[in-house]
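Structure file entry.cif; described as mmCIF, C-alpha atoms.
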```cif
data_model
#
loop_
_atom_site.group_PDB
_atom_site.id
_atom_site.type_symbol
_atom_site.label_atom_id
_atom_site.label_comp_id
_atom_site.auth_asym_id
_atom_site.auth_seq_id
_atom_site.Cartn_x
_atom_site.Cartn_y
_atom_site.Cartn_z
ATOM 1 C CA MET A 1 96.236 114.205 68.731
ATOM 2 C CA LYS A 2 99.301 113.016 66.813
ATOM 3 C CA PHE A 3 98.526 109.481 67.907
ATOM 4 C CA LEU A 4 95.201 109.558 66.068
ATOM 5 C CA THR A 5 96.786 110.712 62.841
ATOM 6 C CA SER A 6 98.936 107.601 62.824
ATOM 7 C CA LEU A 7 95.838 105.431 62.415
ATOM 8 C CA SER A 8 95.423 106.660 58.847
ATOM 9 C CA ILE A 9 98.628 104.890 57.811
ATOM 10 C CA LEU A 10 98.012 101.656 59.678
ATOM 11 C CA GLY A 11 96.377 100.066 56.621
ATOM 12 C CA VAL A 12 99.627 100.563 54.716
ATOM 13 C CA VAL A 13 101.915 99.552 57.560
ATOM 14 C CA LEU A 14 100.027 96.406 58.524
ATOM 15 C CA SER A 15 98.133 95.436 55.371
ATOM 16 C CA ARG A 16 100.115 92.307 54.662
ATOM 17 C CA ALA A 17 100.105 91.221 58.274
ATOM 18 C CA PHE A 18 96.314 91.283 58.439
ATOM 19 C CA VAL A 19 95.371 89.624 55.112
ATOM 20 C CA PRO A 20 93.549 86.282 55.666
ATOM 21 C CA GLN A 21 95.401 83.346 54.133
ATOM 22 C CA VAL A 22 93.865 80.259 52.537
ATOM 23 C CA ASN A 23 95.945 77.235 51.495
ATOM 24 C CA CYS A 24 94.580 76.184 48.072
ATOM 25 C CA SER A 25 97.581 74.325 46.662
ATOM 26 C CA PRO A 26 96.771 71.144 44.615
ATOM 27 C CA GLY A 27 96.619 67.986 46.677
ATOM 28 C CA SER A 28 96.679 69.888 49.952
ATOM 29 C CA HIS A 29 94.486 68.573 52.731
ATOM 30 C CA THR A 30 95.065 71.569 55.034
ATOM 31 C CA HIS A 31 92.933 74.663 55.161
ATOM 32 C CA THR A 32 94.181 77.582 57.201
ATOM 33 C CA LYS A 33 92.405 80.897 57.531
ATOM 34 C CA ARG A 34 92.929 83.589 60.130
ATOM 35 C CA LEU A 35 90.082 85.714 61.409
ATOM 36 C CA THR A 36 89.676 88.968 59.515
ATOM 37 C CA GLY A 37 91.605 91.637 61.375
ATOM 38 C CA VAL A 38 93.829 89.158 63.206
ATOM 39 C CA PRO A 39 97.465 89.351 62.086
ATOM 40 C CA ASN A 40 99.371 86.560 60.422
ATOM 41 C CA ASP A 41 102.604 88.118 61.613
ATOM 42 C CA PRO A 42 103.521 86.146 64.774
ATOM 43 C CA THR A 43 105.319 89.178 66.202
ATOM 44 C CA ILE A 44 102.106 91.238 66.322
ATOM 45 C CA PHE A 45 99.749 90.772 69.276
ATOM 46 C CA GLY A 46 96.275 92.332 68.969
ATOM 47 C CA ASN A 47 94.316 93.870 66.108
ATOM 48 C CA ALA A 48 94.776 96.710 63.657
ATOM 49 C CA LEU A 49 93.847 99.405 66.191
ATOM 50 C CA ASN A 50 95.307 97.990 69.383
ATOM 51 C CA PHE A 51 98.447 95.906 69.139
ATOM 52 C CA TRP A 52 101.940 95.270 70.453
ATOM 53 C CA LYS A 53 104.865 94.261 68.294
ATOM 54 C CA LYS A 54 107.420 91.812 69.654
ATOM 55 C CA LEU A 55 110.908 93.021 68.910
ATOM 56 C CA GLU A 56 114.099 91.025 68.851
ATOM 57 C CA THR A 57 114.570 92.393 72.345
ATOM 58 C CA GLY A 58 111.541 93.805 74.132
ATOM 59 C CA TRP A 59 108.228 95.231 72.917
ATOM 60 C CA ASP A 60 106.965 98.095 70.778
ATOM 61 C CA LEU A 61 103.819 99.511 72.433
ATOM 62 C CA THR A 62 103.361 102.470 70.080
ATOM 63 C CA ARG A 63 100.629 100.896 67.884
ATOM 64 C CA GLY A 64 102.567 102.066 64.832
ATOM 65 C CA ALA A 65 102.917 105.682 66.010
ATOM 66 C CA THR A 66 106.692 105.616 66.291
ATOM 67 C CA THR A 67 107.391 109.349 65.806
ATOM 68 C CA LYS A 68 109.269 110.670 68.855
ATOM 69 C CA SER A 69 108.894 107.318 70.596
ATOM 70 C CA ILE A 70 110.900 106.633 73.755
ATOM 71 C CA THR A 71 112.656 103.360 74.573
ATOM 72 C CA LEU A 72 112.587 102.568 78.279
ATOM 73 C CA PRO A 73 114.665 99.824 79.927
ATOM 74 C CA MET A 74 112.737 97.311 82.018
ATOM 75 C CA PRO A 75 114.306 94.916 84.555
ATOM 76 C CA LYS A 76 112.459 92.022 82.894
ATOM 77 C CA ASN A 77 110.812 91.487 79.493
ATOM 78 C CA GLY A 78 112.118 94.781 78.154
ATOM 79 C CA PRO A 79 112.874 97.261 76.913
ATOM 80 C CA ILE A 80 109.527 98.792 75.956
ATOM 81 C CA VAL A 81 109.016 101.435 73.272
ATOM 82 C CA ILE A 82 106.298 103.942 74.202
ATOM 83 C CA GLN A 83 104.541 106.771 72.403
ATOM 84 C CA PRO A 84 104.597 109.935 74.607
ATOM 85 C CA ASN A 85 101.313 111.180 73.139
ATOM 86 C CA ALA A 86 99.630 107.997 74.389
ATOM 87 C CA THR A 87 101.372 107.540 77.758
ATOM 88 C CA ALA A 88 100.588 108.891 81.239
ATOM 89 C CA LEU A 89 101.816 108.624 84.823
ATOM 90 C CA VAL A 90 99.009 107.845 87.314
ATOM 91 C CA ILE A 91 99.447 108.901 90.967
ATOM 92 C CA ILE A 92 96.940 107.322 93.356
ATOM 93 C CA ASP A 93 95.736 108.346 96.852
ATOM 94 C CA MET A 94 98.797 110.242 98.103
ATOM 95 C CA GLN A 95 96.432 112.161 100.393
ATOM 96 C CA ASN A 96 96.605 113.656 103.883
ATOM 97 C CA TYR A 97 94.196 110.979 105.080
ATOM 98 C CA PHE A 98 96.683 108.235 104.250
ATOM 99 C CA LEU A 99 99.994 110.071 104.839
ATOM 100 C CA HIS A 100 99.728 112.864 107.423
ATOM 101 C CA GLU A 101 101.205 111.956 110.792
ATOM 102 C CA SER A 102 98.415 113.792 112.638
ATOM 103 C CA LEU A 103 95.998 111.293 111.065
ATOM 104 C CA ASP A 104 98.268 108.299 111.775
ATOM 105 C CA GLY A 105 99.412 108.331 108.158
ATOM 106 C CA ASP A 106 101.997 105.917 106.836
ATOM 107 C CA PRO A 107 105.651 107.017 107.058
ATOM 108 C CA LYS A 108 106.524 104.664 104.191
ATOM 109 C CA GLY A 109 104.104 106.597 102.020
ATOM 110 C CA ARG A 110 105.689 109.889 103.034
ATOM 111 C CA ALA A 111 109.143 108.492 102.274
ATOM 112 C CA ILE A 112 108.373 107.971 98.561
ATOM 113 C CA VAL A 113 107.229 111.556 97.963
ATOM 114 C CA PRO A 114 110.612 112.988 96.820
ATOM 115 C CA THR A 115 111.071 110.148 94.318
ATOM 116 C CA THR A 116 107.485 110.606 93.146
ATOM 117 C CA ILE A 117 108.037 114.317 92.514
ATOM 118 C CA THR A 118 111.227 113.601 90.566
ATOM 119 C CA LEU A 119 109.347 111.200 88.297
ATOM 120 C CA ILE A 120 106.433 113.626 87.899
ATOM 121 C CA HIS A 121 108.834 116.288 86.628
ATOM 122 C CA ALA A 122 110.479 113.795 84.252
ATOM 123 C CA PHE A 123 107.133 112.822 82.722
ATOM 124 C CA ARG A 124 106.078 116.434 82.309
ATOM 125 C CA ASN A 125 109.396 117.414 80.722
ATOM 126 C CA ALA A 126 109.109 114.513 78.275
ATOM 127 C CA GLY A 127 105.658 115.772 77.224
ATOM 128 C CA MET A 128 103.578 113.153 79.023
ATOM 129 C CA PRO A 129 100.589 113.967 81.259
ATOM 130 C CA VAL A 130 100.384 113.242 84.977
ATOM 131 C CA ILE A 131 97.068 111.859 86.234
ATOM 132 C CA TRP A 132 96.002 112.238 89.869
ATOM 133 C CA THR A 133 93.128 110.064 91.083
ATOM 134 C CA ASN A 134 92.124 110.297 94.736
ATOM 135 C CA TRP A 135 89.236 109.466 97.017
ATOM 136 C CA GLY A 136 86.886 112.462 96.743
ATOM 137 C CA MET A 137 83.260 111.606 97.342
ATOM 138 C CA THR A 138 79.937 113.403 97.130
ATOM 139 C CA ASP A 139 76.922 112.787 99.345
ATOM 140 C CA TYR A 140 75.438 110.792 96.488
ATOM 141 C CA ASP A 141 78.506 108.539 96.461
ATOM 142 C CA ILE A 142 78.221 107.966 100.216
ATOM 143 C CA ILE A 143 74.488 107.199 100.116
ATOM 144 C CA ASN A 144 75.148 104.546 97.473
ATOM 145 C CA MET A 145 78.275 103.086 99.098
ATOM 146 C CA PRO A 146 78.123 99.290 99.661
ATOM 147 C CA PRO A 147 78.054 98.132 103.305
ATOM 148 C CA ALA A 148 81.450 96.395 103.022
ATOM 149 C CA PHE A 149 83.148 99.665 102.044
ATOM 150 C CA ILE A 150 81.415 101.600 104.823
ATOM 151 C CA HIS A 151 82.598 99.029 107.351
ATOM 152 C CA GLY A 152 86.124 98.977 105.929
ATOM 153 C CA PHE A 153 86.574 102.732 106.438
ATOM 154 C CA SER A 154 85.013 102.916 109.908
ATOM 155 C CA SER A 155 87.313 104.160 112.665
ATOM 156 C CA ASP A 156 85.497 102.443 115.552
ATOM 157 C CA ASP A 157 83.484 99.635 113.962
ATOM 158 C CA THR A 158 80.375 101.809 113.668
ATOM 159 C CA SER A 159 78.958 103.441 110.568
ATOM 160 C CA LEU A 160 79.089 106.867 112.241
ATOM 161 C CA THR A 161 82.851 107.197 111.731
ATOM 162 C CA SER A 162 83.036 106.044 108.103
ATOM 163 C CA PHE A 163 82.856 108.019 104.849
ATOM 164 C CA GLY A 164 81.592 111.568 105.232
ATOM 165 C CA SER A 165 81.981 111.722 109.011
ATOM 166 C CA GLU A 166 83.515 114.831 110.559
ATOM 167 C CA MET A 167 87.144 114.156 111.479
ATOM 168 C CA GLY A 168 87.706 117.111 113.799
ATOM 169 C CA MET A 169 90.692 119.423 113.996
ATOM 170 C CA VAL A 170 94.482 119.092 113.884
ATOM 171 C CA VAL A 171 97.192 121.500 114.974
ATOM 172 C CA VAL A 172 100.068 121.999 112.532
ATOM 173 C CA PRO A 173 102.908 124.501 112.118
ATOM 174 C CA GLU A 174 101.847 127.435 109.978
ATOM 175 C CA SER A 175 105.142 127.172 108.112
ATOM 176 C CA ASP A 176 104.744 123.479 107.244
ATOM 177 C CA GLN A 177 101.266 121.982 107.299
ATOM 178 C CA SER A 178 102.580 118.568 106.248
ATOM 179 C CA ILE A 179 103.754 117.766 109.791
ATOM 180 C CA ALA A 180 102.172 117.696 113.232
ATOM 181 C CA ALA A 181 102.829 120.523 115.666
ATOM 182 C CA SER A 182 104.923 119.749 118.710
ATOM 183 C CA SER A 183 106.875 121.586 121.368
ATOM 184 C CA ASN A 184 109.890 121.440 119.046
ATOM 185 C CA THR A 185 108.322 122.913 115.907
ATOM 186 C CA PRO A 186 109.354 126.541 115.404
ATOM 187 C CA GLY A 187 107.028 129.427 114.751
ATOM 188 C CA ARG A 188 103.294 129.789 115.075
ATOM 189 C CA ASN A 189 100.872 126.857 115.053
ATOM 190 C CA ILE A 190 97.476 126.894 113.379
ATOM 191 C CA THR A 191 94.384 124.736 113.744
ATOM 192 C CA ILE A 192 92.989 123.103 110.602
ATOM 193 C CA ASP A 193 89.555 121.632 110.059
ATOM 194 C CA VAL A 194 90.289 118.118 108.760
ATOM 195 C CA GLY A 195 86.825 117.969 107.203
ATOM 196 C CA ARG A 196 84.510 115.114 106.348
ATOM 197 C CA LYS A 197 86.279 111.823 105.722
ATOM 198 C CA LEU A 198 87.478 111.524 102.097
ATOM 199 C CA THR A 199 84.915 113.955 100.680
ATOM 200 C CA ARG A 200 85.642 116.391 97.885
ATOM 201 C CA GLY A 201 87.322 119.597 98.986
ATOM 202 C CA ALA A 202 88.132 118.358 102.501
ATOM 203 C CA TRP A 203 91.664 118.948 103.809
ATOM 204 C CA ASN A 204 92.082 115.246 104.574
ATOM 205 C CA ALA A 205 91.411 114.427 100.899
ATOM 206 C CA GLN A 206 94.089 116.802 99.565
ATOM 207 C CA PRO A 207 97.456 115.496 98.357
ATOM 208 C CA TRP A 208 99.988 115.512 101.194
ATOM 209 C CA GLY A 209 102.802 118.032 101.581
ATOM 210 C CA ASP A 210 104.606 119.176 98.438
ATOM 211 C CA LEU A 211 102.386 116.924 96.348
ATOM 212 C CA PHE A 212 99.504 119.349 96.858
ATOM 213 C CA LYS A 213 101.530 122.125 95.252
ATOM 214 C CA GLU A 214 102.595 119.796 92.435
ATOM 215 C CA GLN A 215 99.020 118.780 91.735
ATOM 216 C CA THR A 216 97.469 122.250 91.841
ATOM 217 C CA GLU A 217 100.233 123.864 89.768
ATOM 218 C CA GLY A 218 100.251 120.995 87.286
ATOM 219 C CA VAL A 219 96.494 121.218 86.768
ATOM 220 C CA ALA A 220 96.703 125.000 86.375
ATOM 221 C CA ASN A 221 99.499 124.640 83.811
ATOM 222 C CA GLY A 222 97.641 121.974 81.822
ATOM 223 C CA THR A 223 100.265 119.243 82.324
ATOM 224 C CA ASP A 224 98.328 117.397 85.038
ATOM 225 C CA PHE A 225 94.748 116.201 85.383
ATOM 226 C CA TYR A 226 92.837 115.445 88.579
ATOM 227 C CA PHE A 227 90.009 112.923 88.958
ATOM 228 C CA ASN A 228 88.004 112.061 92.048
ATOM 229 C CA LYS A 229 87.117 108.432 92.657
ATOM 230 C CA ASN A 230 84.596 106.696 94.906
ATOM 231 C CA ARG A 231 86.051 103.191 95.088
ATOM 232 C CA LEU A 232 89.522 101.728 95.573
ATOM 233 C CA SER A 233 89.907 101.651 91.780
ATOM 234 C CA GLY A 234 89.864 104.758 89.645
ATOM 235 C CA MET A 235 88.827 102.581 86.693
ATOM 236 C CA TRP A 236 86.012 100.461 88.165
ATOM 237 C CA GLY A 237 82.647 99.828 86.541
ATOM 238 C CA ALA A 238 81.499 100.748 83.065
ATOM 239 C CA SER A 239 83.336 104.078 83.148
ATOM 240 C CA THR A 240 84.862 106.685 85.454
ATOM 241 C CA PRO A 241 85.920 110.313 84.852
ATOM 242 C CA MET A 242 89.521 109.150 84.604
ATOM 243 C CA GLN A 243 88.686 106.463 82.058
ATOM 244 C CA THR A 244 86.658 108.896 79.967
ATOM 245 C CA TRP A 245 89.629 111.271 79.821
ATOM 246 C CA LEU A 246 91.997 108.448 78.873
ATOM 247 C CA GLN A 247 89.697 107.380 76.041
ATOM 248 C CA ASP A 248 89.102 110.924 74.797
ATOM 249 C CA ASN A 249 92.862 111.527 74.665
ATOM 250 C CA SER A 250 93.814 108.184 73.072
ATOM 251 C CA MET A 251 95.951 107.014 75.983
ATOM 252 C CA THR A 252 97.174 103.418 75.803
ATOM 253 C CA THR A 253 100.127 103.069 78.193
ATOM 254 C CA LEU A 254 99.931 103.814 81.931
ATOM 255 C CA PHE A 255 102.571 103.952 84.667
ATOM 256 C CA PHE A 256 101.273 103.626 88.238
ATOM 257 C CA GLY A 257 102.391 104.679 91.728
ATOM 258 C CA GLY A 258 100.908 105.697 95.070
ATOM 259 C CA VAL A 259 99.353 104.036 98.119
ATOM 260 C CA ASN A 260 98.474 101.385 98.962
ATOM 261 C CA ILE A 261 100.223 99.339 96.296
ATOM 262 C CA ASP A 262 98.137 96.231 97.031
ATOM 263 C CA GLN A 263 94.788 98.024 97.313
ATOM 264 C CA CYS A 264 93.980 101.231 95.431
ATOM 265 C CA VAL A 265 97.070 101.159 93.204
ATOM 266 C CA PHE A 266 96.672 97.513 92.202
ATOM 267 C CA GLY A 267 92.885 97.898 91.977
ATOM 268 C CA THR A 268 93.229 100.742 89.477
ATOM 269 C CA LEU A 269 96.024 99.005 87.587
ATOM 270 C CA ILE A 270 94.209 95.688 87.203
ATOM 271 C CA ASP A 271 91.002 97.391 86.027
ATOM 272 C CA ALA A 272 93.087 99.301 83.470
ATOM 273 C CA TYR A 273 94.604 95.987 82.360
ATOM 274 C CA TYR A 274 91.120 94.482 81.961
ATOM 275 C CA LYS A 275 90.197 97.479 79.803
ATOM 276 C CA ALA A 276 93.120 96.927 77.408
ATOM 277 C CA TYR A 277 95.658 99.472 78.680
ATOM 278 C CA ASP A 278 99.362 98.671 78.937
ATOM 279 C CA VAL A 279 100.274 98.683 82.638
ATOM 280 C CA ILE A 280 103.601 99.337 84.367
ATOM 281 C CA ILE A 281 103.984 99.654 88.127
ATOM 282 C CA VAL A 282 106.776 101.855 89.463
ATOM 283 C CA ASP A 283 107.863 100.160 92.680
ATOM 284 C CA ASP A 284 109.864 102.970 94.256
ATOM 285 C CA ILE A 285 106.954 105.427 94.064
ATOM 286 C CA SER A 286 104.556 102.914 95.635
ATOM 287 C CA ALA A 287 104.090 101.904 99.277
ATOM 288 C CA THR A 288 101.673 100.132 101.623
ATOM 289 C CA THR A 289 100.816 99.515 105.247
ATOM 290 C CA SER A 290 100.121 95.863 104.438
ATOM 291 C CA PRO A 291 102.464 92.924 105.144
ATOM 292 C CA LEU A 292 105.288 92.216 102.698
ATOM 293 C CA PHE A 293 103.474 89.326 101.043
ATOM 294 C CA ALA A 294 100.803 91.754 99.774
ATOM 295 C CA THR A 295 103.417 93.672 97.780
ATOM 296 C CA GLN A 296 104.926 90.404 96.586
ATOM 297 C CA MET A 297 101.517 89.363 95.251
ATOM 298 C CA VAL A 298 101.232 92.624 93.313
ATOM 299 C CA ASP A 299 104.746 92.377 91.915
ATOM 300 C CA TYR A 300 104.183 88.789 90.794
ATOM 301 C CA ASN A 301 100.890 89.505 89.035
ATOM 302 C CA VAL A 302 101.967 92.783 87.436
ATOM 303 C CA GLY A 303 105.010 90.947 86.090
ATOM 304 C CA LEU A 304 102.574 88.650 84.268
ATOM 305 C CA ASP A 305 100.130 91.349 83.137
ATOM 306 C CA GLY A 306 102.583 94.117 82.296
ATOM 307 C CA TRP A 307 105.902 95.391 83.612
ATOM 308 C CA ARG A 308 107.601 96.387 86.859
ATOM 309 C CA ALA A 309 110.318 99.020 87.168
ATOM 310 C CA ASN A 310 111.856 101.537 89.517
ATOM 311 C CA SER A 311 112.016 105.198 88.598
ATOM 312 C CA THR A 312 115.796 104.859 88.429
ATOM 313 C CA ASP A 313 115.394 102.362 85.582
ATOM 314 C CA ILE A 314 113.574 104.824 83.335
ATOM 315 C CA LEU A 315 114.711 108.299 84.417
ATOM 316 C CA PRO A 316 117.809 108.477 82.158
ATOM 317 C CA ALA A 317 115.724 107.710 79.052
ATOM 318 C CA LEU A 318 113.048 110.221 80.092
ATOM 319 C CA LEU A 319 115.656 112.912 80.653
ATOM 320 C CA ASP A 320 117.153 112.206 77.215
ATOM 321 C CA ALA A 321 113.681 112.518 75.675
ATOM 322 C CA SER A 322 113.112 115.888 77.334
ATOM 323 C CA ASP A 323 116.314 117.210 75.734
ATOM 324 C CA ARG A 324 115.191 116.427 72.169
#
```

Show me this structure written as structure tokens.
Amino acid sequence: MKFLTSLSILGVVLSRAFVPQVNCSPGSHTHTKRLTGVPNDPTIFGNALNFWKKLETGWDLTRGATTKSITLPMPKNGPIVIQPNATALVIIDMQNYFLHESLDGDPKGRAIVPTTITLIHAFRNAGMPVIWTNWGMTDYDIINMPPAFIHGFSSDDTSLTSFGSEMGMVVVPESDQSIAASSNTPGRNITIDVGRKLTRGAWNAQPWGDLFKEQTEGVANGTDFYFNKNRLSGMWGASTPMQTWLQDNSMTTLFFGGVNIDQCVFGTLIDAYYKAYDVIIVDDISATTSPLFATQMVDYNVGLDGWRANSTDILPALLDASDR
């Protein structure tokens, strides 16, 4: 990766900033020495391999790899300068289970799909990968699921309707499987097996509507990457498939969207923050069924830990980058 090649010049770029200093002047009673590897430059936050640089306005998040960098406006504490080779868009849980009207899915989640697709295309065109992480469990995952999670995903307060339970059938128009069939839908209807709740390969675990096409085509074309998860967070524990990919590909900066913003989206984002990634939540590609104060909590904390933006804030800069 181009990002990795930049590390070879970091010793030259940052050598003076990271040299320990000792005050040995005659008559001095002060002794100052920084830890080895900790910068003396007050505008640099971090160490030689993982650092931000405070600019006169905003932040440079490129870790010294400034070639083809992109400057993105932020509503607060911006702009930020990102390295495309180290940046990804993460889409979380935009699945039939959470969005399809036949499964009592959230209309607010469905409403953000067009904006989400627009941003997906902008990231791809600017040379940045799109990451999809969704609930997609195996029998092993279900056997080892904690009781609190099993209870939380029960449909009738019994364990028999939680993860892995058969969800029955739904009737949808053959021409548009993203909606429920009714007396007003034109054409032929078909019956679909919803499958076992949130298990890998089940229809209910697939991305909803046009997102399914985006995900499958993106993965086939090598621009997108899909990772199953077995908790709210796609980054929980010592490691996950998504985290392994991020590490192997030297990713450092992550943009987040999906549902629910206060649960799986925030859970993944905050675990990424704990693991030293730069985190930005994109509000207009995120939604929730929770009360307003839940979103307000997320917005407040992400504003402290990273950045908040709408897709409209960053799209012009991404489009300019794709034209280079």

*Expressed in Å to a single decimal, how great is the separation between CA of Tyr97 (chain A) and CA of Leu198 (chain A)?*
7.4 Å

Near region 234-241 of chain A, 9 Å: region 88-186 of chain A residue rows, closest pairs, only C-alpha atoms, as JSON lines:
```
{"residue": "A:Ile92", "atom": "CA", "partner": "A:Gly234", "partner_atom": "CA", "distance": 8.4}
{"residue": "A:Thr133", "atom": "CA", "partner": "A:Gly234", "partner_atom": "CA", "distance": 6.4}
{"residue": "A:Asn134", "atom": "CA", "partner": "A:Gly234", "partner_atom": "CA", "distance": 7.9}
{"residue": "A:Trp135", "atom": "CA", "partner": "A:Gly234", "partner_atom": "CA", "distance": 8.8}
```

Could you turn the residues from that selection into a file that holds C-alpha atoms, as a compact mmCIF listing (two decimals), in the frame of the given file?
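Okay, part-v6.txt is ready:
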```txt
# COMPACT_ATOMS: atom_id res chain seq x y z
CA ILE A 92 96.94 107.32 93.36
CA THR A 133 93.13 110.06 91.08
CA ASN A 134 92.12 110.30 94.74
CA TRP A 135 89.24 109.47 97.02
```

Leu89 (chain A): which residues within 8 Å, counting all atoms listed in the file, same-chain residues fewer than 5 positions away excluded, as a CSV table (one decimal) with C-alpha atoms, in the coordinates of the input?
```
chain,number,residue,atom,x,y,z
A,120,ILE,CA,106.4,113.6,87.9
A,123,PHE,CA,107.1,112.8,82.7
A,128,MET,CA,103.6,113.2,79.0
A,129,PRO,CA,100.6,114.0,81.3
A,130,VAL,CA,100.4,113.2,85.0
A,131,ILE,CA,97.1,111.9,86.2
A,254,LEU,CA,99.9,103.8,81.9
A,255,PHE,CA,102.6,104.0,84.7
A,256,PHE,CA,101.3,103.6,88.2
A,257,GLY,CA,102.4,104.7,91.7
```

*Between A:Val194, A:Leu61, A:Ala205, A:Val172, single out the one closest to Gln95 (chain A), counting only C-alpha atoms.*
A:Ala205

*For Ala65 (chain A), which residue among A:Ile80, A:Ala86, A:Ala317, A:Leu119 is the nearest when counting all atoms listed in the file?*
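Residue with the minimum atom-to-atom distance to Ala65 (chain A): A:Ala86.
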
*So how many Å separate CA of Asp271 (chain A) and CA of Gly303 (chain A), to one decimal?*
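Distance between the two atoms: 15.4 Å.
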
_Residue with smallest distance to Val171 (chain A) - pool A:Gln296, A:Ser102, A:Thr67, A:Thr216, counting all atoms listed in the file_ = A:Ser102

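Here CA of Ile192 (chain A) stands at a distance of 11.0 Å from CA of Ala180 (chain A).
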
_Which of A:Asp93, A:Glu56, A:Asp210, A:Glu174 sits closest to Thr288 (chain A) [using only C-alpha atoms]_ = A:Asp93

Tell me which residues the PyMOL selection byres ((chain A and resi 140-149) around 12) grabs here, as a PDB file with C-alpha atoms, in the frame of the given file.
```
ATOM      1  CA  TRP A 135      89.236 109.466  97.017  1.00  0.00           C
ATOM      2  CA  GLY A 136      86.886 112.462  96.743  1.00  0.00           C
ATOM      3  CA  MET A 137      83.260 111.606  97.342  1.00  0.00           C
ATOM      4  CA  THR A 138      79.937 113.403  97.130  1.00  0.00           C
ATOM      5  CA  ASP A 139      76.922 112.787  99.345  1.00  0.00           C
ATOM      6  CA  ILE A 150      81.415 101.600 104.823  1.00  0.00           C
ATOM      7  CA  HIS A 151      82.598  99.029 107.351  1.00  0.00           C
ATOM      8  CA  GLY A 152      86.124  98.977 105.929  1.00  0.00           C
ATOM      9  CA  PHE A 153      86.574 102.732 106.438  1.00  0.00           C
ATOM     10  CA  SER A 154      85.013 102.916 109.908  1.00  0.00           C
ATOM     11  CA  ASP A 157      83.484  99.635 113.962  1.00  0.00           C
ATOM     12  CA  THR A 158      80.375 101.809 113.668  1.00  0.00           C
ATOM     13  CA  SER A 159      78.958 103.441 110.568  1.00  0.00           C
ATOM     14  CA  SER A 162      83.036 106.044 108.103  1.00  0.00           C
ATOM     15  CA  PHE A 163      82.856 108.019 104.849  1.00  0.00           C
ATOM     16  CA  GLY A 164      81.592 111.568 105.232  1.00  0.00           C
ATOM     17  CA  SER A 165      81.981 111.722 109.011  1.00  0.00           C
ATOM     18  CA  ARG A 196      84.510 115.114 106.348  1.00  0.00           C
ATOM     19  CA  LYS A 197      86.279 111.823 105.722  1.00  0.00           C
ATOM     20  CA  LEU A 198      87.478 111.524 102.097  1.00  0.00           C
ATOM     21  CA  THR A 199      84.915 113.955 100.680  1.00  0.00           C
ATOM     22  CA  ARG A 200      85.642 116.391  97.885  1.00  0.00           C
ATOM     23  CA  ASN A 228      88.004 112.061  92.048  1.00  0.00           C
ATOM     24  CA  LYS A 229      87.117 108.432  92.657  1.00  0.00           C
ATOM     25  CA  ASN A 230      84.596 106.696  94.906  1.00  0.00           C
ATOM     26  CA  ARG A 231      86.051 103.191  95.088  1.00  0.00           C
ATOM     27  CA  LEU A 232      89.522 101.728  95.573  1.00  0.00           C
TER      28      LEU A 232
END
```

Box dimensions and centre (Å, one decimal) enclosing region 204-219 of chain A, axis-aligned, 8 Å extra per side, as lines of an AutoDock Vina configuration file:
```
center_x = 98.0
center_y = 119.1
center_z = 95.7
size_x = 29.2
size_y = 25.4
size_z = 33.8
```

*Can you list, as number ranges by chain, the residues that the PyMOL selection byres ((chain A and resi 188) around 8) selects here?*
A: 173-175, 186-187, 189-190
